[in-house]
Amino acid sequence: MCTHHGSRLEDGALHSEAHQTWSRRQFLRGMAVSGAGVTLGLNGRTVRAAMTDPLLGALAGSSSDRILVVIQLAGGNDGLNTIVPIGNDVYHNARPNIGIRNPIQLNAELGLHPSLSRLYPLFQDGLLQVVQNVGYAAPELSHFTSTDVWLSGKDANELENTGWSGRFLEQEYPAYAEDPPDHPIALQIGASTPLLFAGTGQSLGVTFPNESLLSRLASSGQLFDEQNVPDTLQGQEISFVRRVSNDAFVYAKAIKSAYENGANLASYAGGSGLGSDLATVARLIRGGLGARIYHVSMGGFDTHAYQAGTHGTLMSRLGASVAAFVRDMEADGLLERVCGVTFSEFGRRVYQNGSSGTDHGTAAPMFVFGNELSGGLLGNAPDLTNLDPARNLIAGIDFRSVYGSLLRDWFAMEQGHVDQLFNGAYPVLNLFNSSLSTAVEGPRDVPEKISLDSVYPNPLRSQARVALTLREPGPVVLSIVDMLGRPVITDHLGVLQSGLHDIGFEIPSTTAAGTYLIRIQHNGFSTVRPVQVVE
């Protein structure tokens, strides 16, 4: 695992050891929590299908047919060379050898890496949105730990072997594991850690690297011998793994059928890697597989040395692959129900290192692509003059705000459920425009039980008041959180009666000036309003 002490190339043996451990732990983690599913070879790449993830089961039971494609940029993408601060002297002085001098201008201050030129038309057409300066508080600079944070939705001190997609609805839909659907609900392509789809009851997937193994399964009914194992504790574990794997083969036919029935309506450059994976995803979607979430991964972003050429190549592949996928989905209207998002476990440091590369950093941008986006640049650009004690960027948006907003607005998940999923309330982002409507039959919205009528004065200083209306009696909690979801105040107001209420509260003197969210929670419902705090 790349710890803080192995996060730089000049750490020498520590850095090499960290990467070996990271790779080994990714492999072991994949074996342990991939979920009861099936993996087989399609288009030369490993495909794993999650089988009993309750969140995804709940989505499958919904009348909504929307799909989310998650692209992982493994290794830590350099956000400052992806979305470039064009005229920032600090940036150019910090990166004399690797700074981007000719970005594609997005506005007066920011530009796109020139190798992402295939994405620029999508940005212009409103099909691509940039969420700036995304990360989390108290960031880890370890590949393994930070990846777990992003996939689990938990802070580093709360990590467990479950993903944010499996944990919540496993509790909400406990009967799902006993009655799984007849097709995979989530599918992963490539060797990335499958923690995203892991719930507390998950087991592993199995790989079909070639057609002969699939034929063997069809003829014998199982692929692995569950009995021919050593008479030891390890043997019992092997037997369990093989039994769960054999049980998972029910999805092999569905995946193969969807792949054969689907087709690509756009050209993908190159014969392997991300383009190939996204081409396979597009075929499976068009072939009617029925999976709700796809997870693909692209590696190589740990650019400690000679970054310029390597990162430019990665940007070119990313841009070409995403653009081809969007045009593929657009060709017959499938983009109406397909949305995609990119993430990386962390960004890179502001200053280049002695090897013309960058070491492990913190915040970085995320791309969201699809129809009905609000478009443009969301959030503030990173502040290169206000760094943390380790001289790294301070994130402006918590990644759980992005995921939570996708769950709420794309998959029509109730905001209270989203908050529970991430163990806290994170600011909601307006990723989509107001014309977006979820494909769910019947009324989605519950009767409004609470309204936050006003906050005054706004901007806030040391004291403020809220006016709110309750439709029924019940306990009320007033809180203020920053844009990373960290609480500034939490005030349990006790049980209030229905009707109008005027409530005063104080802003701690240590609260920095900026944008915050005031949140009122009442009887399982909540309402949020942005406010400004001034000194």
# chains A, B, ... in the order shown; residues from 1 in each chain; ligands from 1

call {"tool": "residues_around", "arguments": {"residues": "Glu336 (chain A)", "least_positions_apart": "6", "cutoff": "10 Å", "atoms": "only C-alpha atoms", "output": "JSON, numbers by chain"}}
result
{"A": [66, 67, 329, 330, 370, 371, 372]}

call {"tool": "write_last_selection", "arguments": {"atoms": "N, CA and C atoms", "output": "PDB file, in the first residue's frame"}}
result
ATOM      1  N   ARG A  66     -32.950   3.513 -16.052  1.00  0.00           N
ATOM      2  CA  ARG A  66     -31.737   4.308 -16.186  1.00  0.00           C
ATOM      3  C   ARG A  66     -30.487   3.522 -15.807  1.00  0.00           C
ATOM      4  N   ILE A  67     -29.374   3.917 -16.411  1.00  0.00           N
ATOM      5  CA  ILE A  67     -28.109   3.204 -16.279  1.00  0.00           C
ATOM      6  C   ILE A  67     -27.022   4.215 -15.920  1.00  0.00           C
ATOM      7  N   MET A 329     -24.084   5.749 -27.796  1.00  0.00           N
ATOM      8  CA  MET A 329     -25.362   5.759 -27.095  1.00  0.00           C
ATOM      9  C   MET A 329     -26.341   6.763 -27.722  1.00  0.00           C
ATOM     10  N   GLU A 330     -25.805   7.809 -28.281  1.00  0.00           N
ATOM     11  CA  GLU A 330     -26.624   8.851 -28.895  1.00  0.00           C
ATOM     12  C   GLU A 330     -27.254   8.382 -30.205  1.00  0.00           C
ATOM     13  N   GLY A 370     -23.624  12.797 -20.357  1.00  0.00           N
ATOM     14  CA  GLY A 370     -24.954  12.304 -20.649  1.00  0.00           C
ATOM     15  C   GLY A 370     -25.865  13.435 -21.081  1.00  0.00           C
ATOM     16  N   ASN A 371     -27.158  13.141 -21.188  1.00  0.00           N
ATOM     17  CA  ASN A 371     -28.159  14.136 -21.539  1.00  0.00           C
ATOM     18  C   ASN A 371     -28.682  14.847 -20.306  1.00  0.00           C
ATOM     19  N   GLU A 372     -29.336  15.973 -20.502  1.00  0.00           N
ATOM     20  CA  GLU A 372     -30.049  16.707 -19.456  1.00  0.00           C
ATOM     21  C   GLU A 372     -29.136  17.231 -18.350  1.00  0.00           C
TER      22      GLU A 372
END

call {"tool": "select_by_dssp", "arguments": {"residues": "region 289-375 of chain A", "states": "alpha helix (DSSP H)", "output": "list of chain:residue names"}}
result
A:Gln307, A:Ala308, A:Gly309, A:Thr310, A:His311, A:Gly312, A:Thr313, A:Leu314, A:Met315, A:Ser316, A:Arg317, A:Leu318, A:Gly319, A:Ala320, A:Ser321, A:Val322, A:Ala323, A:Ala324, A:Phe325, A:Val326, A:Arg327, A:Asp328, A:Met329, A:Glu330, A:Ala331

call {"tool": "closest_residue", "arguments": {"among": "A:His360, A:Arg408, A:Arg486, A:His92", "to": "Ala305 (chain A)", "atoms": "only C-alpha atoms"}}
result
A:His360

call {"tool": "residues_around", "arguments": {"residues": "Thr490 (chain A)", "least_positions_apart": "2", "cutoff": "8 Å", "atoms": "only C-alpha atoms", "output": "PyMOL selection string"}}
result
chain A and resi 477-480+487-488+492

call {"tool": "write_last_selection", "arguments": {"atoms": "N, CA and C atoms", "output": "mmCIF file, in the first residue's frame"}}
result
data_model
loop_
_atom_site.group_PDB
_atom_site.id
_atom_site.type_symbol
_atom_site.label_atom_id
_atom_site.label_comp_id
_atom_site.auth_asym_id
_atom_site.auth_seq_id
_atom_site.Cartn_x
_atom_site.Cartn_y
_atom_site.Cartn_z
ATOM 1 N N VAL A 477 -34.211 18.739 13.932
ATOM 2 C CA VAL A 477 -32.772 18.966 14.062
ATOM 3 C C VAL A 477 -32.370 20.036 13.058
ATOM 4 N N LEU A 478 -31.705 21.069 13.536
ATOM 5 C CA LEU A 478 -31.167 22.124 12.683
ATOM 6 C C LEU A 478 -29.656 21.954 12.616
ATOM 7 N N SER A 479 -29.114 21.976 11.419
ATOM 8 C CA SER A 479 -27.661 21.836 11.285
ATOM 9 C C SER A 479 -27.159 22.719 10.154
ATOM 10 N N ILE A 480 -25.889 23.062 10.236
ATOM 11 C CA ILE A 480 -25.188 23.756 9.156
ATOM 12 C C ILE A 480 -23.963 22.924 8.814
ATOM 13 N N PRO A 487 -20.048 19.070 9.617
ATOM 14 C CA PRO A 487 -20.982 19.881 10.402
ATOM 15 C C PRO A 487 -20.295 21.066 11.072
ATOM 16 N N VAL A 488 -20.940 22.215 11.002
ATOM 17 C CA VAL A 488 -20.506 23.401 11.726
ATOM 18 C C VAL A 488 -21.265 23.499 13.039
ATOM 19 N N HIS A 492 -30.270 19.996 18.205
ATOM 20 C CA HIS A 492 -31.494 19.200 18.375
ATOM 21 C C HIS A 492 -32.529 20.072 19.091
#

call {"tool": "residues_around", "arguments": {"residues": "Ala263 (chain A)", "least_positions_apart": "6", "cutoff": "10 Å", "atoms": "only C-alpha atoms", "output": "ChimeraX atom specification"}}
result
/A:279-280,282-287,328

call {"tool": "closest_residue", "arguments": {"among": "A:Asp302, A:Asp78, A:Asp383, A:Asp419", "to": "Leu407 (chain A)", "atoms": "only C-alpha atoms"}}
result
A:Asp419

call {"tool": "residues_around", "arguments": {"residues": "Ser297 (chain A)", "least_positions_apart": "2", "cutoff": "9 Å", "atoms": "only C-alpha atoms", "output": "PyMOL selection string"}}
result
chain A and resi 70-74+188-192+273-274+277+295+299

call {"tool": "residues_around", "arguments": {"residues": "region 126-137 of chain A", "least_positions_apart": "4", "cutoff": "6 Å", "atoms": "only C-alpha atoms", "output": "VMD selection string"}}
result
chain A and resid 122 363 to 371 375 to 379 381 to 382 395 to 399

call {"tool": "write_last_selection", "arguments": {"atoms": "C-alpha atoms", "output": "compact mmCIF listing (two decimals), in the first residue's frame"}}
result
# COMPACT_ATOMS: atom_id res chain seq x y z
CA LEU A 122 -19.42 17.29 -25.82
CA ALA A 363 -8.42 16.91 -5.01
CA ALA A 364 -9.13 16.52 -8.74
CA PRO A 365 -12.01 17.11 -11.18
CA MET A 366 -14.69 14.60 -12.11
CA PHE A 367 -16.43 14.38 -15.49
CA VAL A 368 -20.16 13.67 -15.76
CA PHE A 369 -21.49 12.87 -19.24
CA GLY A 370 -24.95 12.30 -20.65
CA ASN A 371 -28.16 14.14 -21.54
CA GLY A 375 -23.54 21.70 -18.21
CA GLY A 376 -20.38 23.72 -17.88
CA LEU A 377 -18.11 23.93 -14.85
CA LEU A 378 -19.56 23.14 -11.44
CA GLY A 379 -17.83 24.28 -8.25
CA ALA A 381 -11.44 25.93 -9.26
CA PRO A 382 -8.79 24.79 -6.75
CA ALA A 395 -11.03 19.95 -1.76
CA GLY A 396 -14.03 22.18 -2.34
CA ILE A 397 -16.64 19.44 -3.00
CA ASP A 398 -16.89 16.09 -1.22
CA PHE A 399 -17.16 13.20 -3.69

call {"tool": "residues_around", "arguments": {"residues": "Tyr351 (chain A)", "least_positions_apart": "4", "cutoff": "9 Å", "atoms": "only C-alpha atoms", "output": "tab-separated table (two decimals) with N, CA and C atoms, in the first residue's frame"}}
result
chain	number	residue	atom	x	y	z
A	91	TYR	N	0.69	28.07	-10.82
A	91	TYR	CA	0.67	26.79	-11.56
A	91	TYR	C	1.89	26.68	-12.47
A	93	ASN	N	4.73	28.36	-12.48
A	93	ASN	CA	6.00	28.35	-11.76
A	93	ASN	C	6.25	27.03	-11.06
A	94	ALA	N	5.17	26.39	-10.61
A	94	ALA	CA	5.29	25.10	-9.90
A	94	ALA	C	5.57	23.96	-10.86
A	95	ARG	N	5.29	24.15	-12.15
A	95	ARG	CA	5.42	23.07	-13.13
A	95	ARG	C	6.16	23.57	-14.38
A	357	GLY	N	7.72	14.60	-12.81
A	357	GLY	CA	6.42	13.99	-12.57
A	357	GLY	C	5.75	14.68	-11.40
A	358	THR	N	4.71	14.06	-10.90
A	358	THR	CA	4.00	14.59	-9.73
A	358	THR	C	3.73	13.46	-8.75
A	359	ASP	N	3.77	13.78	-7.47
A	359	ASP	CA	3.51	12.78	-6.44
A	359	ASP	C	2.05	12.84	-5.99
A	391	ARG	N	1.05	20.96	1.75
A	391	ARG	CA	1.15	21.70	0.49
A	391	ARG	C	0.35	21.02	-0.61

call {"tool": "atom_distance", "arguments": {"atom1": "CA of Ala186 (chain A)", "atom2": "CA of Gly288 (chain A)"}}
result
13.1 Å

call {"tool": "closest_residue", "arguments": {"among": "A:Ser451, A:Gln497, A:Thr385, A:Thr527", "to": "Asp89 (chain A)", "atoms": "only C-alpha atoms"}}
result
A:Thr385

call {"tool": "atom_distance", "arguments": {"atom1": "CA of Leu233 (chain A)", "atom2": "CA of Thr145 (chain A)"}}
result
28.7 Å

call {"tool": "atom_distance", "arguments": {"atom1": "CA of Glu109 (chain A)", "atom2": "CA of Asn430 (chain A)"}}
result
22.0 Å
